[in-house]
file structure04.pdb (PDB, C-alpha atoms and all ligand atoms)
ATOM      1  CA  MET A 791      -4.363   8.540  16.170
ATOM      2  CA  THR A 792      -7.669   9.611  14.665
ATOM      3  CA  TYR A 793      -8.338  10.012  10.992
ATOM      4  CA  LYS A 794     -10.582  12.654   9.508
ATOM      5  CA  GLU A 795     -13.789  11.023   8.335
ATOM      6  CA  GLN A 796     -14.290  11.917   4.727
ATOM      7  CA  PRO A 797     -17.868  11.268   3.509
ATOM      8  CA  GLU A 798     -17.940  10.243  -0.114
ATOM      9  CA  GLN A 799     -19.131  12.876  -2.569
ATOM     10  CA  GLY A 800     -22.933  13.174  -2.704
ATOM     11  CA  GLU A 801     -25.553  10.571  -1.891
ATOM     12  CA  ALA A 802     -26.135   9.337  -5.447
ATOM     13  CA  GLU A 803     -25.975   5.590  -5.969
ATOM     14  CA  PRO A 804     -22.448   4.761  -7.202
ATOM     15  CA  ALA A 805     -22.257   4.060 -10.918
ATOM     16  CA  PRO A 806     -22.017   0.318 -11.623
ATOM     17  CA  PRO A 807     -18.511  -0.921 -12.331
ATOM     18  CA  ASN A 808     -17.636  -0.591 -15.995
ATOM     19  CA  GLU A 809     -14.131  -1.962 -15.534
ATOM     20  CA  PRO A 810     -14.231  -5.604 -16.722
ATOM     21  CA  ALA A 811     -11.442  -6.547 -14.331
ATOM     22  CA  LEU A 812     -13.601  -5.678 -11.343
ATOM     23  CA  THR A 813     -16.897  -6.860 -12.804
ATOM     24  CA  ALA A 814     -15.384 -10.363 -12.759
ATOM     25  CA  LEU A 815     -15.271 -10.128  -8.949
ATOM     26  CA  SER A 816     -19.065 -10.020  -8.771
ATOM     27  CA  LEU A 817     -19.643 -12.513 -11.598
ATOM     28  CA  TYR A 818     -17.243 -15.156 -10.273
ATOM     29  CA  PRO A 819     -16.558 -14.327  -6.592
ATOM     30  CA  GLN A 820     -15.372 -17.869  -5.907
ATOM     31  CA  GLU A 821     -12.629 -17.557  -8.557
ATOM     32  CA  TRP A 822     -10.871 -14.343  -7.536
ATOM     33  CA  ALA A 823      -8.562 -13.028  -4.824
ATOM     34  CA  LEU A 824      -8.295  -9.255  -4.396
ATOM     35  CA  PHE A 825      -5.034  -7.510  -3.442
ATOM     36  CA  LEU A 826      -5.378  -3.808  -2.672
ATOM     37  CA  ASP A 827      -2.743  -1.148  -2.189
ATOM     38  CA  ILE A 828      -3.719   1.608   0.246
ATOM     39  CA  ASP A 829      -2.186   5.067  -0.322
ATOM     40  CA  GLY A 830      -3.147   6.457  -3.718
ATOM     41  CA  THR A 831      -5.400   3.443  -4.360
ATOM     42  CA  LEU A 832      -8.017   3.046  -1.609
ATOM     43  CA  LEU A 833      -7.145   6.419  -0.050
ATOM     44  CA  ASP A 834      -6.531   9.774  -1.735
ATOM     45  CA  LEU A 835      -2.979  11.040  -1.425
ATOM     46  CA  ALA A 836      -2.538  13.778   1.209
ATOM     47  CA  GLU A 837       0.091  16.400   2.008
ATOM     48  CA  THR A 838       1.586  14.304   4.805
ATOM     49  CA  PRO A 839       1.563  10.582   5.759
ATOM     50  CA  GLU A 840      -0.666  11.324   8.740
ATOM     51  CA  ALA A 841      -3.151  13.591   6.919
ATOM     52  CA  ILE A 842      -4.926  10.778   5.090
ATOM     53  CA  ALA A 843      -8.712  10.521   5.342
ATOM     54  CA  VAL A 844     -10.603   7.215   5.471
ATOM     55  CA  PRO A 845     -14.236   7.453   4.256
ATOM     56  CA  PRO A 846     -16.329   5.910   7.096
ATOM     57  CA  SER A 847     -18.071   3.517   4.701
ATOM     58  CA  LEU A 848     -14.856   2.104   3.224
ATOM     59  CA  PRO A 849     -13.942  -0.466   5.911
ATOM     60  CA  PHE A 850     -17.478  -1.858   5.784
ATOM     61  CA  ALA A 851     -17.453  -2.079   1.976
ATOM     62  CA  LEU A 852     -14.125  -3.938   2.141
ATOM     63  CA  GLN A 853     -15.505  -6.319   4.769
ATOM     64  CA  ALA A 854     -18.628  -7.027   2.682
ATOM     65  CA  LEU A 855     -16.476  -7.643  -0.392
ATOM     66  CA  SER A 856     -14.150  -9.869   1.619
ATOM     67  CA  ARG A 857     -17.129 -11.963   2.712
ATOM     68  CA  GLN A 858     -18.273 -12.294  -0.921
ATOM     69  CA  LEU A 859     -14.759 -13.485  -1.822
ATOM     70  CA  GLY A 860     -14.656 -16.044   0.959
ATOM     71  CA  GLY A 861     -12.085 -13.926   2.828
ATOM     72  CA  ALA A 862      -9.720 -13.684  -0.176
ATOM     73  CA  LEU A 863      -9.103  -9.938   0.166
ATOM     74  CA  ALA A 864      -5.727  -8.622   1.395
ATOM     75  CA  LEU A 865      -4.159  -5.182   1.779
ATOM     76  CA  VAL A 866      -0.627  -4.878   0.333
ATOM     77  CA  THR A 867       1.002  -1.647   1.408
ATOM     78  CA  GLY A 868       4.204   0.238   2.137
ATOM     79  CA  ARG A 869       2.719   1.213   5.497
ATOM     80  CA  ALA A 870       3.590  -0.759   8.636
ATOM     81  CA  VAL A 871       1.056  -3.473   9.528
ATOM     82  CA  ALA A 872       0.514  -1.812  12.910
ATOM     83  CA  PHE A 873      -0.475   1.410  11.129
ATOM     84  CA  VAL A 874      -3.114  -0.295   8.965
ATOM     85  CA  ASP A 875      -5.529  -1.796  11.490
ATOM     86  CA  PRO A 876      -6.716   1.521  13.002
ATOM     87  CA  LEU A 877      -7.396   2.794   9.465
ATOM     88  CA  PHE A 878      -9.893   0.025   8.746
ATOM     89  CA  ALA A 879     -11.213  -0.664  12.252
ATOM     90  CA  PRO A 880     -13.099  -2.635  13.439
ATOM     91  CA  PHE A 881     -11.790  -5.107  10.827
ATOM     92  CA  HIS A 882      -8.361  -6.759  10.677
ATOM     93  CA  PHE A 883      -7.795  -7.743   7.074
ATOM     94  CA  PRO A 884      -4.953  -9.971   5.924
ATOM     95  CA  VAL A 885      -2.189  -7.464   5.245
ATOM     96  CA  ALA A 886       1.352  -7.269   3.882
ATOM     97  CA  GLY A 887       3.166  -4.189   5.193
ATOM     98  CA  LEU A 888       6.474  -2.434   4.448
ATOM     99  CA  HIS A 889       6.055  -3.358   0.753
ATOM    100  CA  GLY A 890       5.809  -7.026   1.704
ATOM    101  CA  ALA A 891       8.614  -7.168   4.301
ATOM    102  CA  GLU A 892       6.075  -8.029   7.014
ATOM    103  CA  ARG A 893       2.783  -9.914   6.661
ATOM    104  CA  ARG A 894      -0.257 -11.034   8.661
ATOM    105  CA  ASP A 895      -1.998 -13.954   7.012
ATOM    106  CA  ALA A 896      -5.687 -14.834   7.052
ATOM    107  CA  ALA A 897      -5.129 -16.974  10.158
ATOM    108  CA  GLY A 898      -3.711 -13.933  11.977
ATOM    109  CA  ARG A 899      -0.080 -15.125  12.015
ATOM    110  CA  LEU A 900       2.236 -12.092  11.859
ATOM    111  CA  ARG A 901       5.641 -12.367  10.253
ATOM    112  CA  ARG A 902       7.566  -9.332  11.429
ATOM    113  CA  ALA A 903      10.705  -7.818   9.914
ATOM    114  CA  LEU A 904      13.687  -7.505  12.282
ATOM    115  CA  ILE A 905      14.856  -4.092  13.517
ATOM    116  CA  PRO A 906      18.567  -4.404  14.418
ATOM    117  CA  PRO A 907      19.858  -1.841  16.947
ATOM    118  CA  ALA A 908      22.149  -0.366  14.276
ATOM    119  CA  PHE A 909      19.092   0.342  12.099
ATOM    120  CA  GLN A 910      17.317   1.951  15.052
ATOM    121  CA  GLU A 911      20.332   4.226  15.524
ATOM    122  CA  MET A 912      20.498   5.009  11.808
ATOM    123  CA  LYS A 913      16.849   6.150  11.837
ATOM    124  CA  ARG A 914      17.709   8.526  14.684
ATOM    125  CA  VAL A 915      20.630   9.986  12.711
ATOM    126  CA  ILE A 916      18.448  10.385   9.590
ATOM    127  CA  ALA A 917      15.829  12.262  11.615
ATOM    128  CA  GLU A 918      18.558  14.490  13.023
ATOM    129  CA  GLU A 919      19.969  15.313   9.571
ATOM    130  CA  ALA A 920      16.472  15.986   8.166
ATOM    131  CA  LYS A 921      15.963  18.791  10.699
ATOM    132  CA  ALA A 922      18.183  20.899   8.406
ATOM    133  CA  TRP A 923      15.557  20.612   5.654
ATOM    134  CA  PRO A 924      12.319  22.394   6.617
ATOM    135  CA  GLY A 925       9.321  20.563   5.183
ATOM    136  CA  VAL A 926      11.095  17.219   4.842
ATOM    137  CA  LEU A 927       9.304  14.590   6.966
ATOM    138  CA  VAL A 928      10.859  11.408   8.350
ATOM    139  CA  GLU A 929       8.432   8.513   8.817
ATOM    140  CA  ASP A 930       9.696   5.807  11.179
ATOM    141  CA  LYS A 931       7.999   2.575  10.083
ATOM    142  CA  GLY A 932       9.826   0.178  12.404
ATOM    143  CA  ALA A 933      11.899  -1.981  10.043
ATOM    144  CA  ALA A 934      11.815   0.753   7.401
ATOM    145  CA  VAL A 935      12.225   4.505   7.274
ATOM    146  CA  ALA A 936      10.713   6.891   4.725
ATOM    147  CA  VAL A 937      11.870  10.443   4.023
ATOM    148  CA  HIS A 938       9.165  12.551   2.393
ATOM    149  CA  TYR A 939       9.804  15.693   0.380
ATOM    150  CA  ARG A 940       6.233  16.391  -0.806
ATOM    151  CA  LEU A 941       6.264  19.634   1.214
ATOM    152  CA  ALA A 942       9.823  20.510   0.115
ATOM    153  CA  PRO A 943      10.238  19.290  -3.488
ATOM    154  CA  GLU A 944      13.384  21.375  -3.850
ATOM    155  CA  ARG A 945      15.000  18.937  -1.393
ATOM    156  CA  GLU A 946      14.590  15.890  -3.680
ATOM    157  CA  ALA A 947      18.279  15.708  -4.576
ATOM    158  CA  ASP A 948      19.447  16.234  -0.990
ATOM    159  CA  VAL A 949      17.124  13.480   0.245
ATOM    160  CA  ALA A 950      18.142  11.080  -2.518
ATOM    161  CA  GLU A 951      21.849  11.671  -1.832
ATOM    162  CA  ALA A 952      21.463  11.233   1.929
ATOM    163  CA  MET A 953      19.383   8.061   1.631
ATOM    164  CA  GLN A 954      21.850   6.532  -0.821
ATOM    165  CA  ARG A 955      24.618   7.285   1.698
ATOM    166  CA  TYR A 956      22.635   5.729   4.555
ATOM    167  CA  LEU A 957      21.857   2.682   2.432
ATOM    168  CA  GLN A 958      25.600   2.052   1.957
ATOM    169  CA  GLU A 959      25.964   2.254   5.729
ATOM    170  CA  ALA A 960      22.984  -0.065   6.333
ATOM    171  CA  GLY A 961      24.447  -2.832   4.164
ATOM    172  CA  PRO A 962      23.102  -5.628   1.936
ATOM    173  CA  ASP A 963      20.081  -6.477   4.096
ATOM    174  CA  TRP A 964      18.397  -3.220   3.057
ATOM    175  CA  ILE A 965      17.222  -1.650  -0.204
ATOM    176  CA  LEU A 966      16.273   1.834  -1.365
ATOM    177  CA  GLN A 967      12.631   2.139  -2.418
ATOM    178  CA  HIS A 968      11.439   5.205  -4.310
ATOM    179  CA  GLY A 969       7.794   6.244  -4.252
ATOM    180  CA  LYS A 970       5.657   9.337  -4.705
ATOM    181  CA  LEU A 971       7.836  12.198  -3.412
ATOM    182  CA  VAL A 972       9.442   9.793  -0.938
ATOM    183  CA  VAL A 973      12.608   7.712  -0.603
ATOM    184  CA  GLU A 974      12.567   4.741   1.770
ATOM    185  CA  ILE A 975      15.089   2.287   3.182
ATOM    186  CA  CYS A 976      13.341  -1.089   3.534
ATOM    187  CA  PRO A 977      14.386  -4.671   4.279
ATOM    188  CA  ALA A 978      15.941  -6.254   1.180
ATOM    189  CA  HIS A 979      13.248  -8.976   1.052
ATOM    190  CA  ALA A 980      10.458  -6.396   0.703
ATOM    191  CA  SER A 981       8.414  -7.227  -2.406
ATOM    192  CA  LYS A 982       4.687  -6.837  -2.926
ATOM    193  CA  GLY A 983       4.889  -9.512  -5.614
ATOM    194  CA  HIS A 984       6.383 -12.022  -3.183
ATOM    195  CA  ALA A 985       3.724 -11.085  -0.610
ATOM    196  CA  VAL A 986       0.944 -11.811  -3.116
ATOM    197  CA  GLU A 987       2.571 -15.155  -3.978
ATOM    198  CA  ALA A 988       2.743 -15.992  -0.250
ATOM    199  CA  PHE A 989      -0.952 -15.200   0.235
ATOM    200  CA  LEU A 990      -1.795 -17.322  -2.840
ATOM    201  CA  SER A 991      -0.054 -20.316  -1.268
ATOM    202  CA  GLU A 992      -2.477 -20.223   1.670
ATOM    203  CA  ALA A 993      -6.223 -20.483   2.328
ATOM    204  CA  PRO A 994      -8.483 -18.711   1.444
ATOM    205  CA  PHE A 995      -6.421 -17.287  -1.461
ATOM    206  CA  ALA A 996      -4.969 -20.527  -2.868
ATOM    207  CA  GLY A 997      -6.419 -21.634  -6.229
ATOM    208  CA  ARG A 998      -7.881 -18.207  -6.990
ATOM    209  CA  ARG A 999      -6.941 -15.738  -9.755
ATOM    210  CA  PRO A1000      -5.237 -12.637  -8.308
ATOM    211  CA  LEU A1001      -6.623  -9.168  -9.027
ATOM    212  CA  ALA A1002      -3.960  -6.627  -7.981
ATOM    213  CA  ILE A1003      -4.794  -2.916  -7.743
ATOM    214  CA  GLY A1004      -2.183  -0.235  -7.022
ATOM    215  CA  ASP A1005      -0.940   3.234  -7.974
ATOM    216  CA  ASP A1006       2.845   3.313  -7.664
ATOM    217  CA  VAL A1007       6.112   1.750  -8.772
ATOM    218  CA  THR A1008       6.129  -0.513  -5.701
ATOM    219  CA  ASP A1009       2.939  -2.152  -6.980
ATOM    220  CA  GLU A1010       4.529  -3.251 -10.245
ATOM    221  CA  THR A1011       5.865  -6.504  -8.762
ATOM    222  CA  MET A1012       2.368  -7.508  -7.741
ATOM    223  CA  PHE A1013       1.032  -6.554 -11.176
ATOM    224  CA  ALA A1014       3.651  -8.910 -12.657
ATOM    225  CA  VAL A1015       2.527 -11.782 -10.403
ATOM    226  CA  ALA A1016      -1.156 -11.178 -11.201
ATOM    227  CA  ASN A1017      -0.452 -11.110 -14.933
ATOM    228  CA  ARG A1018       1.710 -14.240 -14.793
ATOM    229  CA  LEU A1019      -0.920 -16.209 -12.865
ATOM    230  CA  GLY A1020      -3.812 -15.450 -15.216
ATOM    231  CA  GLY A1021      -5.233 -12.725 -13.000
ATOM    232  CA  GLN A1022      -5.706  -9.026 -13.610
ATOM    233  CA  SER A1023      -3.696  -5.881 -12.797
ATOM    234  CA  VAL A1024      -5.202  -2.422 -12.431
ATOM    235  CA  ARG A1025      -3.332   0.872 -12.030
ATOM    236  CA  ILE A1026      -5.016   3.824 -10.322
ATOM    237  CA  GLY A1027      -4.458   7.176 -12.026
ATOM    238  CA  THR A1028      -1.941   7.996 -14.739
ATOM    239  CA  PRO A1029       1.408   6.282 -14.275
ATOM    240  CA  SER A1030       4.500   8.514 -14.508
ATOM    241  CA  GLY A1031       6.235   5.848 -16.584
ATOM    242  CA  LYS A1032       5.655   2.381 -18.050
ATOM    243  CA  THR A1033       3.427  -0.001 -16.133
ATOM    244  CA  LEU A1034       2.672  -3.724 -16.278
ATOM    245  CA  ALA A1035      -0.931  -3.026 -15.284
ATOM    246  CA  ARG A1036      -3.336  -4.104 -18.029
ATOM    247  CA  ALA A1037      -6.230  -1.875 -16.958
ATOM    248  CA  SER A1038      -6.675   1.438 -15.183
ATOM    249  CA  ILE A1039      -9.160   3.304 -13.016
ATOM    250  CA  PRO A1040      -8.911   7.091 -12.905
ATOM    251  CA  SER A1041      -8.856   7.715  -9.171
ATOM    252  CA  PRO A1042      -9.155   6.282  -5.653
ATOM    253  CA  ALA A1043     -12.633   7.858  -5.447
ATOM    254  CA  ARG A1044     -13.765   5.939  -8.540
ATOM    255  CA  LEU A1045     -12.271   2.716  -7.169
ATOM    256  CA  ARG A1046     -14.162   3.248  -3.894
ATOM    257  CA  GLU A1047     -17.386   3.775  -5.878
ATOM    258  CA  ILE A1048     -16.852   0.512  -7.747
ATOM    259  CA  LEU A1049     -15.961  -1.428  -4.595
ATOM    260  CA  ALA A1050     -19.069  -0.015  -2.868
ATOM    261  CA  ALA A1051     -21.251  -1.100  -5.817
ATOM    262  CA  LEU A1052     -19.699  -4.590  -5.792
ATOM    263  CA  ALA A1053     -20.152  -4.886  -2.034
ATOM    264  CA  LYS A1054     -23.921  -4.336  -2.255
TER     265      LYS A1054
HETATM  266  O1  LIG B   1       1.993   1.077  -0.747
HETATM  267  P1  LIG B   1       1.063   2.183  -0.330
HETATM  268  O2  LIG B   1      -0.067   1.763   0.548
HETATM  269  O3  LIG B   1       0.603   3.023  -1.497
HETATM  270  O4  LIG B   1       1.973   3.167   0.574
HETATM  271  C1  LIG B   1       2.981   3.916  -0.115
HETATM  272  C2  LIG B   1       3.461   4.986   0.831
HETATM  273  O5  LIG B   1       2.299   5.747   1.213
HETATM  274  C3  LIG B   1       2.525   6.841   2.103
HETATM  275  O6  LIG B   1       3.212   7.876   1.422
HETATM  276  C4  LIG B   1       2.437   8.370   0.323
HETATM  277  O7  LIG B   1       1.142   8.840   0.803
HETATM  278  C5  LIG B   1       1.220   9.973   1.702
HETATM  279  C6  LIG B   1      -0.191  10.244   2.203
HETATM  280  O8  LIG B   1      -1.080  10.397   1.120
HETATM  281  C7  LIG B   1       1.856  11.160   0.956
HETATM  282  O9  LIG B   1       1.933  12.288   1.815
HETATM  283  C8  LIG B   1       3.260  10.766   0.477
HETATM  284  O10 LIG B   1       3.817  11.809  -0.321
HETATM  285  C9  LIG B   1       3.168   9.513  -0.406
HETATM  286  O11 LIG B   1       4.497   9.034  -0.729
HETATM  287  C10 LIG B   1       3.288   6.385   3.356
HETATM  288  O12 LIG B   1       3.651   7.532   4.103
HETATM  289  C11 LIG B   1       4.508   5.549   3.024
HETATM  290  O13 LIG B   1       5.026   5.000   4.221
HETATM  291  C12 LIG B   1       4.128   4.414   2.089
HETATM  292  O14 LIG B   1       5.260   3.618   1.728
HETATM  293 MG    MG B   2       0.009   3.309  -3.276
END
call {"tool": "encode", "arguments": {"input": "structure04.pdb", "output": "structure tokens", "more": "lines below"}}
Ligand SMILES: O=P(O)(O)OC[C@H]1O[C@H](O[C@H]2O[C@H](CO)[C@@H](O)[C@H](O)[C@H]2O)[C@H](O)[C@@H](O)[C@@H]1O
Ligand SMILES: [Mg+2]
result
Amino acid sequence: MTYKEQPEQGEAEPAPPNEPALTALSLYPQEWALFLDIDGTLLDLAETPEAIAVPPSLPFALQALSRQLGGALALVTGRAVAFVDPLFAPFHFPVAGLHGAERRDAAGRLRRALIPPAFQEMKRVIAEEAKAWPGVLVEDKGAAVAVHYRLAPEREADVAEAMQRYLQEAGPDWILQHGKLVVEICPAHASKGHAVEAFLSEAPFAGRRPLAIGDDVTDETMFAVANRLGGQSVRIGTPSGKTLARASIPSPARLREILAALAK
């Protein structure tokens, strides 16, 4: 899988961060732990899950920032862990995938989510049913499955009804997770907030104040944890509803500019 390289706009030096929440990272790098969502936060949203573009400088900026933070930088995403590493090669950051249902800690230990045969079969049936809806995309994420209607917004109700039906069939070990023009079935223990708490119980995150940055409803649980633990929570873009985030940054491009300036 290759990702389009998307050079950042222009060669001008990025404007210095004017968001206090992020300025703290450079003032007190030994005090903070950074938790970053991926889609809609580090990366611009794209028409399809595969069409995302990773600016070539981004992995290196994240690695430099991670070094400044003593390694206390983790990715917290709805993507599968296996999908994340190629995006940010050659680096393997600590990462929580499937909205926290799987996690690789800073020591490289991977806690996978189970994929029962019945769930495997259900994903096959979902993909079969989705063929009747041109433009609807089924994303098999291992222990989760996402049905996207970004290219067929008129199918929102059909997708929601079908996924609710499949959730009943899947049983109590699974939950429905809504996102941006997507409905997912994920393991019931998936929680970005719990993933952040787990990272904070381990080196090199323990004892640090969490700064959580995300763009979607699934990030709200990690905003809550950051707020509760005396950290900071930052929402990217304009939320469609209420948010627990206490600060905001207008776009992924502006966040990348700030991270690049901090990583200098
Ligand atoms: O938690 P995140 O890292 O933000 O991941 C959330 C979901 O992101 C992806 O879907 C979203 O981004 C796609 C690419 O920009 C877009 O086409 C789609 O409409 C968005 O919902 C990913 O495909 C999902 O698996 C993630 O859960
Ligand atoms: Mg996101």
call {"tool": "resolve_selection", "arguments": {"input": "structure04.pdb", "expression": "the PyMOL selection byres (((chain A and resi 1052) around 12) and not hetatm)", "output": "PyMOL selection string"}}
result
chain A and resi 803-809+812-819+851-859+1045-1051+1053-1054
call {"tool": "closest_residue", "arguments": {"input": "structure04.pdb", "among": "A:Val937, A:Ile905, A:Leu1019, A:Val915", "to": "Asp963 (chain A)", "atoms": "all atoms listed in the file"}}
result
A:Ile905
call {"tool": "residues_near_ligand", "arguments": {"input": "structure04.pdb", "ligand": "ligand MG 2 (chain B)", "cutoff": "9 Å", "atoms": "all atoms listed in the file", "output": "PyMOL selection string"}}
result
chain A and resi 826-833+835+866-868+969-970+1004-1009+1026
call {"tool": "resolve_selection", "arguments": {"input": "structure04.pdb", "expression": "the PyMOL selection byres (((chain A and resi 892-904) around 12) and not hetatm)", "output": "ChimeraX atom specification"}}
result
/A:856,860-872,874-875,882-891,905-910,931-934,963-964,976-982,984-996
call {"tool": "axis_aligned_box", "arguments": {"input": "structure04.pdb", "around": "ligand LIG 1 (chain B)", "padding_each_side": "8 Å", "output": "AutoDock Vina command-line options"}}
result
--center_x 2.1 --center_y 6.7 --center_z 1.4 --size_x 22.3 --size_y 27.2 --size_z 21.7
call {"tool": "closest_residue", "arguments": {"input": "structure04.pdb", "among": "A:Thr838, A:Gln967, A:Ser1041, A:Ser1023", "to": "ligand LIG 1 (chain B)", "atoms": "all atoms listed in the file"}}
result
A:Thr838
call {"tool": "residues_around", "arguments": {"input": "structure04.pdb", "residues": "Ile916 (chain A)", "least_positions_apart": "6", "cutoff": "9 Å", "atoms": "only C-alpha atoms", "output": "list in words"}}
result
Val928, Val935, Val937, Ala952, Met953 and Tyr956 of chain A
call {"tool": "atom_distance", "arguments": {"input": "structure04.pdb", "atom1": "atom C11 of ligand LIG 1 (chain B)", "atom2": "CA of Thr1011 (chain A)"}}
result
16.9 Å
call {"tool": "closest_residue", "arguments": {"input": "structure04.pdb", "among": "A:Met1012, A:Val973, A:Ala811, A:Leu877", "to": "Pro846 (chain A)", "atoms": "only C-alpha atoms"}}
result
A:Leu877
call {"tool": "atom_distance", "arguments": {"input": "structure04.pdb", "atom1": "CA of Asp948 (chain A)", "atom2": "CA of Glu1010 (chain A)"}}
result
26.2 Å
call {"tool": "closest_residue", "arguments": {"input": "structure04.pdb", "among": "A:Glu821, A:Glu911, A:Glu919, A:Asp834", "to": "ligand LIG 1 (chain B)", "atoms": "all atoms listed in the file"}}
result
A:Asp834
call {"tool": "atom_distance", "arguments": {"input": "structure04.pdb", "atom1": "CA of Ala922 (chain A)", "atom2": "CA of Val949 (chain A)"}}
result
11.1 Å
call {"tool": "closest_residue", "arguments": {"input": "structure04.pdb", "among": "A:Arg955, A:Arg1044, A:Arg940, A:Arg998", "to": "ligand LIG 1 (chain B)", "atoms": "all atoms listed in the file"}}
result
A:Arg940
call {"tool": "closest_residue", "arguments": {"input": "structure04.pdb", "among": "A:His938, A:Arg1018, A:Arg945, A:Lys913", "to": "ligand LIG 1 (chain B)", "atoms": "all atoms listed in the file"}}
result
A:His938
call {"tool": "residues_around", "arguments": {"input": "structure04.pdb", "residues": "Gln1022 (chain A)", "least_positions_apart": "2", "cutoff": "8 Å", "atoms": "all atoms listed in the file", "output": "list in words"}}
result
Ala811, Arg999, Pro1000, Leu1001, Ala1002, Phe1013, Ala1016, Asn1017, Gly1020, Val1024, Ala1035, Arg1036 and Ala1037 of chain A
call {"tool": "build_atoms", "arguments": {"input": "structure04.pdb", "residues": "region 822-835 of chain A", "atoms": "N, CA and C atoms", "output": "PDB file, keeping the file's coordinate frame"}}
result
ATOM      1  N   TRP A 822     -11.840 -15.453  -7.607  1.00  0.00           N
ATOM      2  CA  TRP A 822     -10.871 -14.343  -7.536  1.00  0.00           C
ATOM      3  C   TRP A 822     -10.380 -14.063  -6.128  1.00  0.00           C
ATOM      4  N   ALA A 823      -9.161 -13.555  -6.065  1.00  0.00           N
ATOM      5  CA  ALA A 823      -8.562 -13.028  -4.824  1.00  0.00           C
ATOM      6  C   ALA A 823      -8.180 -11.588  -5.108  1.00  0.00           C
ATOM      7  N   LEU A 824      -8.482 -10.686  -4.175  1.00  0.00           N
ATOM      8  CA  LEU A 824      -8.295  -9.255  -4.396  1.00  0.00           C
ATOM      9  C   LEU A 824      -7.162  -8.737  -3.512  1.00  0.00           C
ATOM     10  N   PHE A 825      -6.186  -8.076  -4.158  1.00  0.00           N
ATOM     11  CA  PHE A 825      -5.034  -7.510  -3.442  1.00  0.00           C
ATOM     12  C   PHE A 825      -5.027  -5.999  -3.670  1.00  0.00           C
ATOM     13  N   LEU A 826      -5.158  -5.254  -2.582  1.00  0.00           N
ATOM     14  CA  LEU A 826      -5.378  -3.808  -2.672  1.00  0.00           C
ATOM     15  C   LEU A 826      -4.259  -3.029  -1.999  1.00  0.00           C
ATOM     16  N   ASP A 827      -3.657  -2.147  -2.735  1.00  0.00           N
ATOM     17  CA  ASP A 827      -2.743  -1.148  -2.189  1.00  0.00           C
ATOM     18  C   ASP A 827      -3.598  -0.139  -1.411  1.00  0.00           C
ATOM     19  N   ILE A 828      -2.951   0.660  -0.573  1.00  0.00           N
ATOM     20  CA  ILE A 828      -3.719   1.608   0.246  1.00  0.00           C
ATOM     21  C   ILE A 828      -3.552   3.064  -0.218  1.00  0.00           C
ATOM     22  N   ASP A 829      -2.370   3.633   0.000  1.00  0.00           N
ATOM     23  CA  ASP A 829      -2.186   5.067  -0.322  1.00  0.00           C
ATOM     24  C   ASP A 829      -2.188   5.295  -1.841  1.00  0.00           C
ATOM     25  N   GLY A 830      -3.056   6.178  -2.285  1.00  0.00           N
ATOM     26  CA  GLY A 830      -3.147   6.457  -3.718  1.00  0.00           C
ATOM     27  C   GLY A 830      -4.026   5.469  -4.464  1.00  0.00           C
ATOM     28  N   THR A 831      -4.524   4.448  -3.733  1.00  0.00           N
ATOM     29  CA  THR A 831      -5.400   3.443  -4.360  1.00  0.00           C
ATOM     30  C   THR A 831      -6.757   3.436  -3.644  1.00  0.00           C
ATOM     31  N   LEU A 832      -6.770   2.952  -2.396  1.00  0.00           N
ATOM     32  CA  LEU A 832      -8.017   3.046  -1.609  1.00  0.00           C
ATOM     33  C   LEU A 832      -8.208   4.450  -1.041  1.00  0.00           C
ATOM     34  N   LEU A 833      -7.081   5.089  -0.694  1.00  0.00           N
ATOM     35  CA  LEU A 833      -7.145   6.419  -0.050  1.00  0.00           C
ATOM     36  C   LEU A 833      -6.510   7.476  -0.958  1.00  0.00           C
ATOM     37  N   ASP A 834      -7.133   8.663  -0.987  1.00  0.00           N
ATOM     38  CA  ASP A 834      -6.531   9.774  -1.735  1.00  0.00           C
ATOM     39  C   ASP A 834      -5.201  10.167  -1.098  1.00  0.00           C
ATOM     40  N   LEU A 835      -4.260  10.564  -1.951  1.00  0.00           N
ATOM     41  CA  LEU A 835      -2.979  11.040  -1.425  1.00  0.00           C
ATOM     42  C   LEU A 835      -3.204  12.358  -0.678  1.00  0.00           C
TER      43      LEU A 835
END
